[in-house]
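Asks: Next comes the structure file upload_14.pdb, holding PDB, C-alpha atoms.
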```pdb
ATOM      1  CA  MET A   1       0.000   0.000   0.000
ATOM      2  CA  ASN A   2       3.003   2.283  -0.453
ATOM      3  CA  THR A   3       2.319   3.396  -4.032
ATOM      4  CA  VAL A   4      -0.275   6.153  -4.335
ATOM      5  CA  GLY A   5      -1.688   7.641  -7.508
ATOM      6  CA  PHE A   6      -3.190  11.112  -7.118
ATOM      7  CA  ILE A   7      -5.403  12.728  -9.757
ATOM      8  CA  GLY A   8      -6.311  16.377  -9.189
ATOM      9  CA  LEU A   9      -3.523  18.591  -7.834
ATOM     10  CA  GLY A  10      -5.281  21.894  -7.284
ATOM     11  CA  ILE A  11      -5.650  24.057  -4.167
ATOM     12  CA  MET A  12      -6.606  21.041  -2.056
ATOM     13  CA  GLY A  13      -5.150  18.065  -3.901
ATOM     14  CA  GLY A  14      -1.673  19.545  -4.358
ATOM     15  CA  PRO A  15      -0.798  19.938  -0.675
ATOM     16  CA  MET A  16      -2.519  16.652   0.180
ATOM     17  CA  ALA A  17      -0.331  14.784  -2.301
ATOM     18  CA  ALA A  18       2.754  16.588  -0.984
ATOM     19  CA  ASN A  19       1.918  15.488   2.566
ATOM     20  CA  LEU A  20       1.797  11.874   1.410
ATOM     21  CA  VAL A  21       5.250  12.268  -0.142
ATOM     22  CA  ARG A  22       6.592  13.666   3.131
ATOM     23  CA  ALA A  23       5.057  10.713   4.977
ATOM     24  CA  GLY A  24       7.127   8.319   2.865
ATOM     25  CA  TYR A  25       4.654   7.235   0.202
ATOM     26  CA  SER A  26       5.649   6.952  -3.430
ATOM     27  CA  VAL A  27       3.206   9.378  -5.045
ATOM     28  CA  THR A  28       2.613   9.817  -8.756
ATOM     29  CA  GLY A  29       0.291  12.671  -9.655
ATOM     30  CA  TYR A  30      -1.631  13.892 -12.653
ATOM     31  CA  ASP A  31      -3.524  17.100 -13.360
ATOM     32  CA  LEU A  32      -4.623  18.883 -16.504
ATOM     33  CA  ALA A  33      -2.845  22.005 -15.221
ATOM     34  CA  PRO A  34       0.933  21.484 -15.455
ATOM     35  CA  GLY A  35       1.609  23.737 -12.477
ATOM     36  CA  GLY A  36       0.136  21.245 -10.033
ATOM     37  CA  VAL A  37       2.256  18.411 -11.388
ATOM     38  CA  GLU A  38       5.402  20.543 -11.236
ATOM     39  CA  ARG A  39       4.750  21.480  -7.594
ATOM     40  CA  LEU A  40       4.372  17.794  -6.745
ATOM     41  CA  ARG A  41       7.696  17.036  -8.424
ATOM     42  CA  GLU A  42       9.347  19.804  -6.414
ATOM     43  CA  ALA A  43       7.928  18.177  -3.257
ATOM     44  CA  GLY A  44       9.536  14.849  -4.206
ATOM     45  CA  GLY A  45       6.653  13.190  -6.042
ATOM     46  CA  ASN A  46       6.473  11.836  -9.564
ATOM     47  CA  ALA A  47       4.725  13.189 -12.647
ATOM     48  CA  GLY A  48       2.290  10.792 -14.265
ATOM     49  CA  GLY A  49       1.653  10.673 -17.971
ATOM     50  CA  GLY A  50      -2.089  10.188 -17.673
ATOM     51  CA  VAL A  51      -4.858   8.286 -15.941
ATOM     52  CA  ALA A  52      -3.970   4.884 -17.375
ATOM     53  CA  GLU A  53      -0.321   5.047 -16.309
ATOM     54  CA  ILE A  54      -1.140   6.161 -12.773
ATOM     55  CA  VAL A  55      -3.877   3.590 -12.202
ATOM     56  CA  ARG A  56      -1.855   0.633 -13.463
ATOM     57  CA  GLU A  57       0.961   1.326 -10.992
ATOM     58  CA  ALA A  58      -1.054   2.325  -7.933
ATOM     59  CA  ASP A  59      -1.975   0.325  -4.843
ATOM     60  CA  VAL A  60      -4.075   3.282  -3.678
ATOM     61  CA  LEU A  61      -5.681   5.827  -5.991
ATOM     62  CA  ILE A  62      -6.976   9.187  -4.773
ATOM     63  CA  THR A  63      -8.980  11.656  -6.827
ATOM     64  CA  MET A  64      -9.661  15.265  -5.840
ATOM     65  CA  LEU A  65     -11.765  16.712  -8.647
ATOM     66  CA  PRO A  66     -14.171  19.663  -8.960
ATOM     67  CA  ASP A  67     -17.567  17.988  -9.409
ATOM     68  CA  SER A  68     -19.568  14.891 -10.335
ATOM     69  CA  PRO A  69     -19.090  15.218 -14.125
ATOM     70  CA  GLN A  70     -15.310  15.248 -13.763
ATOM     71  CA  VAL A  71     -15.357  12.192 -11.496
ATOM     72  CA  GLU A  72     -17.626  10.348 -13.921
ATOM     73  CA  GLU A  73     -15.355  11.244 -16.841
ATOM     74  CA  VAL A  74     -12.139  10.215 -15.088
ATOM     75  CA  VAL A  75     -13.524   7.030 -13.555
ATOM     76  CA  LEU A  76     -16.366   5.627 -15.649
ATOM     77  CA  THR A  77     -15.691   6.521 -19.285
ATOM     78  CA  PRO A  78     -13.584   4.444 -21.702
ATOM     79  CA  GLY A  79      -9.921   4.951 -20.888
ATOM     80  CA  GLY A  80     -10.801   5.883 -17.333
ATOM     81  CA  VAL A  81      -9.859   4.537 -13.924
ATOM     82  CA  LEU A  82     -12.025   1.425 -13.926
ATOM     83  CA  GLU A  83     -10.881   0.321 -17.365
ATOM     84  CA  HIS A  84      -7.259   0.198 -16.184
ATOM     85  CA  ALA A  85      -7.644  -0.687 -12.501
ATOM     86  CA  LYS A  86      -6.304  -3.973 -11.243
ATOM     87  CA  PRO A  87      -8.505  -6.031  -8.903
ATOM     88  CA  GLY A  88      -7.927  -5.052  -5.296
ATOM     89  CA  LEU A  89      -7.139  -1.406  -6.039
ATOM     90  CA  LEU A  90      -8.227   0.834  -3.172
ATOM     91  CA  TYR A  91      -9.826   3.888  -4.770
ATOM     92  CA  ILE A  92     -10.566   6.869  -2.507
ATOM     93  CA  ASP A  93     -12.519   9.697  -4.096
ATOM     94  CA  MET A  94     -11.995  12.794  -1.950
ATOM     95  CA  SER A  95     -13.906  15.126  -4.253
ATOM     96  CA  THR A  96     -17.172  16.708  -3.142
ATOM     97  CA  ILE A  97     -19.849  15.292  -5.442
ATOM     98  CA  ARG A  98     -23.447  14.057  -5.389
ATOM     99  CA  PRO A  99     -24.100  11.043  -3.147
ATOM    100  CA  ASP A 100     -25.826   9.200  -5.992
ATOM    101  CA  THR A 101     -22.700   9.606  -8.147
ATOM    102  CA  SER A 102     -20.569   8.096  -5.371
ATOM    103  CA  ARG A 103     -22.930   5.148  -5.092
ATOM    104  CA  ARG A 104     -22.815   4.585  -8.851
ATOM    105  CA  VAL A 105     -19.007   4.673  -8.882
ATOM    106  CA  ALA A 106     -18.852   2.245  -5.956
ATOM    107  CA  GLN A 107     -21.203  -0.195  -7.672
ATOM    108  CA  ALA A 108     -19.213  -0.059 -10.899
ATOM    109  CA  GLY A 109     -15.969  -0.577  -8.975
ATOM    110  CA  ALA A 110     -17.312  -3.515  -6.990
ATOM    111  CA  ALA A 111     -18.224  -5.314 -10.205
ATOM    112  CA  LEU A 112     -14.520  -5.193 -11.161
ATOM    113  CA  GLY A 113     -13.052  -6.008  -7.750
ATOM    114  CA  VAL A 114     -12.088  -2.390  -7.016
ATOM    115  CA  ARG A 115     -12.613  -1.175  -3.453
ATOM    116  CA  VAL A 116     -14.197   2.279  -3.518
ATOM    117  CA  LEU A 117     -14.592   4.856  -0.754
ATOM    118  CA  ASP A 118     -16.123   8.309  -0.929
ATOM    119  CA  ALA A 119     -14.110  10.494   1.452
ATOM    120  CA  PRO A 120     -14.818  14.212   1.020
ATOM    121  CA  VAL A 121     -13.003  16.627   3.304
ATOM    122  CA  SER A 122     -13.510  19.817   5.272
ATOM    123  CA  GLY A 123     -10.873  22.239   6.484
ATOM    124  CA  GLY A 124     -10.026  24.264   3.418
ATOM    125  CA  GLU A 125      -6.610  25.009   1.982
ATOM    126  CA  LYS A 126      -5.014  25.466   5.410
ATOM    127  CA  GLY A 127      -6.283  22.070   6.557
ATOM    128  CA  ALA A 128      -4.920  20.484   3.387
ATOM    129  CA  ILE A 129      -1.505  22.099   3.893
ATOM    130  CA  ASP A 130      -1.334  21.267   7.606
ATOM    131  CA  GLY A 131      -2.718  17.736   7.246
ATOM    132  CA  THR A 132      -5.544  18.529   9.665
ATOM    133  CA  LEU A 133      -8.572  17.913   7.459
ATOM    134  CA  SER A 134     -11.819  16.419   8.680
ATOM    135  CA  ILE A 135     -12.570  13.399   6.502
ATOM    136  CA  MET A 136     -16.020  11.811   6.296
ATOM    137  CA  VAL A 137     -15.887   8.367   4.717
ATOM    138  CA  GLY A 138     -18.558   6.257   3.071
ATOM    139  CA  GLY A 139     -18.063   2.659   1.992
ATOM    140  CA  ALA A 140     -17.387  -0.795   3.418
ATOM    141  CA  ALA A 141     -15.907  -0.964   6.923
ATOM    142  CA  ASP A 142     -13.064  -3.264   5.812
ATOM    143  CA  ASP A 143     -12.091  -0.864   3.035
ATOM    144  CA  PHE A 144     -12.154   2.046   5.482
ATOM    145  CA  ALA A 145      -9.819   0.126   7.777
ATOM    146  CA  ALA A 146      -7.445  -0.495   4.868
ATOM    147  CA  ALA A 147      -7.435   3.202   3.964
ATOM    148  CA  ARG A 148      -7.049   4.562   7.468
ATOM    149  CA  GLN A 149      -3.236   4.760   7.479
ATOM    150  CA  VAL A 150      -3.252   6.845   4.299
ATOM    151  CA  LEU A 151      -6.082   9.068   5.520
ATOM    152  CA  GLU A 152      -4.293   9.749   8.809
ATOM    153  CA  VAL A 153      -1.576  11.557   6.843
ATOM    154  CA  LEU A 154      -4.189  13.923   5.455
ATOM    155  CA  GLY A 155      -6.488  14.586   8.377
ATOM    156  CA  THR A 156      -7.001  14.480  12.112
ATOM    157  CA  THR A 157     -10.743  13.818  12.294
ATOM    158  CA  ILE A 158     -11.457  10.694  10.264
ATOM    159  CA  VAL A 159     -14.854   9.037  10.655
ATOM    160  CA  HIS A 160     -16.522   6.156   8.841
ATOM    161  CA  VAL A 161     -20.045   7.540   8.533
ATOM    162  CA  GLY A 162     -21.820   4.736   6.661
ATOM    163  CA  PRO A 163     -22.143   2.959   3.314
ATOM    164  CA  SER A 164     -21.226   4.330  -0.104
ATOM    165  CA  GLY A 165     -22.529   7.866  -0.563
ATOM    166  CA  ALA A 166     -22.796   8.562   3.160
ATOM    167  CA  GLY A 167     -19.566  10.554   3.154
ATOM    168  CA  GLN A 168     -20.985  12.865   0.517
ATOM    169  CA  THR A 169     -24.222  13.307   2.465
ATOM    170  CA  VAL A 170     -22.263  14.346   5.560
ATOM    171  CA  LYS A 171     -20.207  16.735   3.416
ATOM    172  CA  ALA A 172     -23.418  18.289   2.105
ATOM    173  CA  ALA A 173     -24.499  18.845   5.710
ATOM    174  CA  ASN A 174     -21.090  20.350   6.456
ATOM    175  CA  GLN A 175     -21.343  22.789   3.580
ATOM    176  CA  LEU A 176     -24.795  24.031   4.487
ATOM    177  CA  VAL A 177     -23.582  24.712   8.051
ATOM    178  CA  VAL A 178     -20.412  26.455   6.824
ATOM    179  CA  GLY A 179     -22.389  28.619   4.419
ATOM    180  CA  GLY A 180     -24.826  29.583   7.169
ATOM    181  CA  ILE A 181     -22.044  30.559   9.568
ATOM    182  CA  TYR A 182     -20.321  32.698   6.937
ATOM    183  CA  ALA A 183     -23.584  34.509   6.229
ATOM    184  CA  LEU A 184     -24.202  35.184   9.918
ATOM    185  CA  VAL A 185     -20.639  36.362  10.563
ATOM    186  CA  ALA A 186     -21.044  38.705   7.598
ATOM    187  CA  GLU A 187     -24.268  40.070   9.076
ATOM    188  CA  ALA A 188     -22.572  40.503  12.461
ATOM    189  CA  ILE A 189     -19.771  42.551  10.859
ATOM    190  CA  VAL A 190     -22.267  44.748   9.009
ATOM    191  CA  LEU A 191     -24.280  45.300  12.209
ATOM    192  CA  LEU A 192     -21.214  46.125  14.324
ATOM    193  CA  GLU A 193     -19.782  48.562  11.784
ATOM    194  CA  ALA A 194     -23.124  50.295  11.173
ATOM    195  CA  SER A 195     -23.481  50.701  14.950
ATOM    196  CA  GLU A 196     -19.973  52.208  15.166
ATOM    197  CA  VAL A 197     -18.691  49.309  17.266
ATOM    198  CA  ASP A 198     -15.154  48.056  16.618
ATOM    199  CA  PRO A 199     -15.770  44.785  14.713
ATOM    200  CA  ARG A 200     -12.474  43.283  15.876
ATOM    201  CA  LYS A 201     -13.372  43.665  19.512
ATOM    202  CA  GLY A 202     -16.899  42.513  18.869
ATOM    203  CA  LEU A 203     -15.859  39.367  17.009
ATOM    204  CA  ASP A 204     -13.168  38.629  19.589
ATOM    205  CA  VAL A 205     -15.934  38.411  22.181
ATOM    206  CA  LEU A 206     -18.109  36.252  19.936
ATOM    207  CA  ALA A 207     -15.213  33.894  19.208
ATOM    208  CA  GLY A 208     -14.709  33.292  22.925
ATOM    209  CA  GLY A 209     -18.340  32.534  23.714
ATOM    210  CA  LEU A 210     -21.116  30.208  22.594
ATOM    211  CA  ALA A 211     -21.056  31.806  19.121
ATOM    212  CA  GLY A 212     -17.450  30.708  18.674
ATOM    213  CA  SER A 213     -16.588  28.662  15.598
ATOM    214  CA  ARG A 214     -13.663  27.558  13.480
ATOM    215  CA  ILE A 215     -14.710  30.170  10.924
ATOM    216  CA  LEU A 216     -14.482  32.957  13.492
ATOM    217  CA  ASP A 217     -11.093  31.638  14.608
ATOM    218  CA  LEU A 218      -9.622  31.581  11.102
ATOM    219  CA  LYS A 219     -11.513  34.167   9.088
ATOM    220  CA  ARG A 220     -12.694  37.060  11.224
ATOM    221  CA  GLU A 221      -9.595  39.179  10.633
ATOM    222  CA  THR A 222      -9.511  38.685   6.857
ATOM    223  CA  MET A 223     -13.255  39.332   6.599
ATOM    224  CA  ILE A 224     -12.933  42.587   8.520
ATOM    225  CA  LYS A 225     -10.044  43.580   6.207
ATOM    226  CA  ARG A 226     -12.084  42.527   3.136
ATOM    227  CA  GLU A 227      -9.344  40.128   2.059
ATOM    228  CA  PHE A 228     -10.943  37.333   0.090
ATOM    229  CA  ARG A 229      -8.016  35.387  -1.347
ATOM    230  CA  PRO A 230      -9.534  32.019  -2.218
ATOM    231  CA  GLY A 231      -9.007  29.123   0.115
ATOM    232  CA  PHE A 232     -12.353  27.740  -1.046
ATOM    233  CA  ARG A 233     -14.015  29.582  -3.891
ATOM    234  CA  VAL A 234     -17.579  30.851  -4.016
ATOM    235  CA  ASP A 235     -18.013  28.891  -7.268
ATOM    236  CA  LEU A 236     -17.293  25.620  -5.486
ATOM    237  CA  HIS A 237     -19.547  26.415  -2.540
ATOM    238  CA  HIS A 238     -22.310  27.244  -5.010
ATOM    239  CA  LYS A 239     -21.869  23.775  -6.479
ATOM    240  CA  ASP A 240     -21.922  22.223  -3.013
ATOM    241  CA  MET A 241     -25.156  23.958  -2.052
ATOM    242  CA  GLY A 242     -26.725  22.451  -5.157
ATOM    243  CA  ILE A 243     -25.595  19.043  -3.890
ATOM    244  CA  ALA A 244     -27.138  19.761  -0.472
ATOM    245  CA  LEU A 245     -30.466  20.780  -1.984
ATOM    246  CA  ALA A 246     -30.488  17.729  -4.269
ATOM    247  CA  ALA A 247     -29.737  15.464  -1.292
ATOM    248  CA  ALA A 248     -32.591  17.072   0.643
ATOM    249  CA  ARG A 249     -34.981  16.443  -2.219
ATOM    250  CA  GLU A 250     -33.834  12.821  -2.491
ATOM    251  CA  ALA A 251     -34.345  12.370   1.262
ATOM    252  CA  GLY A 252     -37.754  14.064   1.122
ATOM    253  CA  VAL A 253     -36.963  16.793   3.658
ATOM    254  CA  ALA A 254     -37.367  20.580   3.623
ATOM    255  CA  LEU A 255     -34.312  22.701   4.503
ATOM    256  CA  PRO A 256     -35.580  26.297   4.295
ATOM    257  CA  VAL A 257     -32.508  28.010   5.778
ATOM    258  CA  THR A 258     -30.279  26.020   3.431
ATOM    259  CA  GLY A 259     -32.349  27.333   0.538
ATOM    260  CA  LEU A 260     -31.784  30.922   1.675
ATOM    261  CA  ILE A 261     -28.034  30.426   2.104
ATOM    262  CA  ALA A 262     -27.874  28.818  -1.340
ATOM    263  CA  GLN A 263     -29.488  31.930  -2.801
ATOM    264  CA  LEU A 264     -26.995  34.241  -1.060
ATOM    265  CA  ILE A 265     -24.103  32.192  -2.424
ATOM    266  CA  ALA A 266     -25.720  32.242  -5.868
ATOM    267  CA  ALA A 267     -25.977  36.023  -5.548
ATOM    268  CA  ALA A 268     -22.261  36.250  -4.743
ATOM    269  CA  ARG A 269     -21.535  34.310  -7.897
ATOM    270  CA  ALA A 270     -23.937  36.423  -9.976
ATOM    271  CA  GLN A 271     -22.250  39.578  -8.690
ATOM    272  CA  GLY A 272     -18.929  38.378 -10.075
ATOM    273  CA  HIS A 273     -17.378  37.024  -6.885
ATOM    274  CA  GLY A 274     -17.194  33.382  -7.920
ATOM    275  CA  SER A 275     -13.381  33.270  -7.863
ATOM    276  CA  LEU A 276     -13.174  34.775  -4.364
ATOM    277  CA  ASP A 277     -13.130  32.945  -1.044
ATOM    278  CA  HIS A 278     -16.586  31.993   0.226
ATOM    279  CA  SER A 279     -16.152  34.483   3.068
ATOM    280  CA  ALA A 280     -16.964  37.021   0.326
ATOM    281  CA  LEU A 281     -20.602  36.478   1.298
ATOM    282  CA  LEU A 282     -19.866  39.648   3.259
ATOM    283  CA  LYS A 283     -19.895  41.552  -0.049
ATOM    284  CA  VAL A 284     -23.455  40.336  -0.723
ATOM    285  CA  ILE A 285     -24.710  41.407   2.717
ATOM    286  CA  GLU A 286     -23.044  44.804   2.295
ATOM    287  CA  ARG A 287     -24.651  45.281  -1.110
ATOM    288  CA  ILE A 288     -28.100  44.521   0.314
ATOM    289  CA  ASN A 289     -27.585  47.330   2.818
ATOM    290  CA  ARG A 290     -26.473  50.059   0.419
TER     291      ARG A 290
END
```
Reformat the file's structure so that it appears as structure tokens.
Replies:
Amino acid sequence: MNTVGFIGLGIMGGPMAANLVRAGYSVTGYDLAPGGVERLREAGGNAGGGVAEIVREADVLITMLPDSPQVEEVVLTPGGVLEHAKPGLLYIDMSTIRPDTSRRVAQAGAALGVRVLDAPVSGGEKGAIDGTLSIMVGGAADDFAAARQVLEVLGTTIVHVGPSGAGQTVKAANQLVVGGIYALVAEAIVLLEASEVDPRKGLDVLAGGLAGSRILDLKRETMIKREFRPGFRVDLHHKDMGIALAAAREAGVALPVTGLIAQLIAAARAQGHGSLDHSALLKVIERINR
């Protein structure tokens, strides 16, 4: 289990692959953007020539891709992962995609003797760099046990949450909570500033009380400064809120606050902020109040 293939070397996947190299794994990576592959080589990894080459050599394969269509293309289409995978391959998809897509990939993999886990993450770019991600894993318990040593390099909170697709459902729940907290922190900043209260002092108090959160710990200063360098882009959170709403419809439940947050994130995207960090929800709340 020492040879890892890694497909998708962007903001999250790049530092995750580098952490595996530092932990002693032989990592071969592939990405459509050459910059990600070059950064992996600089970290001591290997550059792969394509999906087929990486899959044939790997004991463990990890993908970190933008959305369900990209996972389907890389894994299920002719020339993709499952066409070249050897029986017994442990395939961990760490992308954030629809639960039904994860279930379909797992079923297709099982038919070929490929062990498949859906293992989306939370923690953003900093968590990926520091190896402190929260990882929610769906799939068979035995496969989770086999993957645990690899996952422990990447995260500190690693939980097997259920069968295939369950990891993606938990990630959808995570994203609706994160979006809601960002919106409320944005509203708190707008209220404090409009009331001529120092927002730094105000948020320092909130962070130390029941309203405290990881978002307040990490993002309150950059939000107050209006610094929105992307750690996780609005565009991606917009996609994730669509996943959450689709999961709610599939489960037959109403999530009215989630619907509102999804609309605020959609507004951020419509206003041209899609490439900014999702803390840029503050710009939407400010615009409402002008």
Asks: Step by step, work through what the PyMOL selection byres ((chain A and resi 134-138) around 6) selects in the shown file, and finish by giving those residues as a ChimeraX atom specification.
Replies: /A:117-122,133,139,155,157-167
Asks: Any chance you could export the current selection's C-alpha atoms as a PDB file, keeping the file's coordinate frame?
Replies:
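part-v6.pdb, written as the output of this step:
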```pdb
ATOM      1  CA  LEU A 117     -14.592   4.856  -0.754  1.00  0.00           C
ATOM      2  CA  ASP A 118     -16.123   8.309  -0.929  1.00  0.00           C
ATOM      3  CA  ALA A 119     -14.110  10.494   1.452  1.00  0.00           C
ATOM      4  CA  PRO A 120     -14.818  14.212   1.020  1.00  0.00           C
ATOM      5  CA  VAL A 121     -13.003  16.627   3.304  1.00  0.00           C
ATOM      6  CA  SER A 122     -13.510  19.817   5.272  1.00  0.00           C
ATOM      7  CA  LEU A 133      -8.572  17.913   7.459  1.00  0.00           C
ATOM      8  CA  GLY A 139     -18.063   2.659   1.992  1.00  0.00           C
ATOM      9  CA  GLY A 155      -6.488  14.586   8.377  1.00  0.00           C
ATOM     10  CA  THR A 157     -10.743  13.818  12.294  1.00  0.00           C
ATOM     11  CA  ILE A 158     -11.457  10.694  10.264  1.00  0.00           C
ATOM     12  CA  VAL A 159     -14.854   9.037  10.655  1.00  0.00           C
ATOM     13  CA  HIS A 160     -16.522   6.156   8.841  1.00  0.00           C
ATOM     14  CA  VAL A 161     -20.045   7.540   8.533  1.00  0.00           C
ATOM     15  CA  GLY A 162     -21.820   4.736   6.661  1.00  0.00           C
ATOM     16  CA  PRO A 163     -22.143   2.959   3.314  1.00  0.00           C
ATOM     17  CA  SER A 164     -21.226   4.330  -0.104  1.00  0.00           C
ATOM     18  CA  GLY A 165     -22.529   7.866  -0.563  1.00  0.00           C
ATOM     19  CA  ALA A 166     -22.796   8.562   3.160  1.00  0.00           C
ATOM     20  CA  GLY A 167     -19.566  10.554   3.154  1.00  0.00           C
TER      21      GLY A 167
END
```
Asks: Residue by residue, what does the PyMOL selection byres ((chain A and resi 181-184) around 9) grab here? Present the result as a ChimeraX atom specification.
Replies: /A:176-180,185-189,213,215-216,261,264-265,278-282,285
Asks: Report the distance between atom CA of Glu83 of chain A and atom CA of Ser95 of chain A in Å, rounded to one decimal place.
Replies: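 Pair atom CA of Glu83 of chain A / atom CA of Ser95 of chain A returns 20.0 Å.
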Asks: Rounded to one decimal in Å, what is the spacing between atom CA of Arg56 of chain A and atom CA of Lys86 of chain A?
Replies: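 Value for the atom CA of Arg56 of chain A-atom CA of Lys86 of chain A distance: 6.8 Å.
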Asks: With distances taken over only C-alpha atoms, which of A:Gly127, A:Pro66, A:Asn289, A:Leu154 is nearest to Leu191 of chain A?
Replies: A:Asn289
Asks: Any chance you could build segment 132-146 of chain A out to N, CA and C atoms and write it as a PDB file, in the coordinates of the input?
Replies:
```
ATOM      1  N   THR A 132      -4.600  18.544   8.548  1.00  0.00           N
ATOM      2  CA  THR A 132      -5.544  18.529   9.665  1.00  0.00           C
ATOM      3  C   THR A 132      -6.991  18.490   9.189  1.00  0.00           C
ATOM      4  N   LEU A 133      -7.223  17.950   8.005  1.00  0.00           N
ATOM      5  CA  LEU A 133      -8.572  17.913   7.459  1.00  0.00           C
ATOM      6  C   LEU A 133      -9.492  17.032   8.284  1.00  0.00           C
ATOM      7  N   SER A 134     -10.786  17.346   8.223  1.00  0.00           N
ATOM      8  CA  SER A 134     -11.819  16.419   8.680  1.00  0.00           C
ATOM      9  C   SER A 134     -12.248  15.599   7.468  1.00  0.00           C
ATOM     10  N   ILE A 135     -12.281  14.287   7.628  1.00  0.00           N
ATOM     11  CA  ILE A 135     -12.570  13.399   6.502  1.00  0.00           C
ATOM     12  C   ILE A 135     -13.753  12.516   6.869  1.00  0.00           C
ATOM     13  N   MET A 136     -14.800  12.582   6.061  1.00  0.00           N
ATOM     14  CA  MET A 136     -16.020  11.811   6.296  1.00  0.00           C
ATOM     15  C   MET A 136     -16.094  10.719   5.236  1.00  0.00           C
ATOM     16  N   VAL A 137     -16.134   9.465   5.638  1.00  0.00           N
ATOM     17  CA  VAL A 137     -15.887   8.367   4.717  1.00  0.00           C
ATOM     18  C   VAL A 137     -17.110   7.471   4.599  1.00  0.00           C
ATOM     19  N   GLY A 138     -17.509   7.219   3.359  1.00  0.00           N
ATOM     20  CA  GLY A 138     -18.558   6.257   3.071  1.00  0.00           C
ATOM     21  C   GLY A 138     -17.987   5.053   2.341  1.00  0.00           C
ATOM     22  N   GLY A 139     -18.527   3.882   2.636  1.00  0.00           N
ATOM     23  CA  GLY A 139     -18.063   2.659   1.992  1.00  0.00           C
ATOM     24  C   GLY A 139     -18.035   1.512   2.976  1.00  0.00           C
ATOM     25  N   ALA A 140     -17.457   0.391   2.566  1.00  0.00           N
ATOM     26  CA  ALA A 140     -17.387  -0.795   3.418  1.00  0.00           C
ATOM     27  C   ALA A 140     -16.411  -0.577   4.568  1.00  0.00           C
ATOM     28  N   ALA A 141     -16.744  -1.139   5.733  1.00  0.00           N
ATOM     29  CA  ALA A 141     -15.907  -0.964   6.923  1.00  0.00           C
ATOM     30  C   ALA A 141     -14.504  -1.526   6.713  1.00  0.00           C
ATOM     31  N   ASP A 142     -14.384  -2.673   6.046  1.00  0.00           N
ATOM     32  CA  ASP A 142     -13.064  -3.264   5.812  1.00  0.00           C
ATOM     33  C   ASP A 142     -12.212  -2.370   4.915  1.00  0.00           C
ATOM     34  N   ASP A 143     -12.836  -1.756   3.924  1.00  0.00           N
ATOM     35  CA  ASP A 143     -12.091  -0.864   3.035  1.00  0.00           C
ATOM     36  C   ASP A 143     -11.659   0.406   3.775  1.00  0.00           C
ATOM     37  N   PHE A 144     -12.518   0.898   4.652  1.00  0.00           N
ATOM     38  CA  PHE A 144     -12.154   2.046   5.482  1.00  0.00           C
ATOM     39  C   PHE A 144     -10.943   1.715   6.357  1.00  0.00           C
ATOM     40  N   ALA A 145     -10.945   0.532   6.946  1.00  0.00           N
ATOM     41  CA  ALA A 145      -9.819   0.126   7.777  1.00  0.00           C
ATOM     42  C   ALA A 145      -8.530   0.067   6.963  1.00  0.00           C
ATOM     43  N   ALA A 146      -8.626  -0.412   5.730  1.00  0.00           N
ATOM     44  CA  ALA A 146      -7.445  -0.495   4.868  1.00  0.00           C
ATOM     45  C   ALA A 146      -6.926   0.887   4.496  1.00  0.00           C
TER      46      ALA A 146
END
```
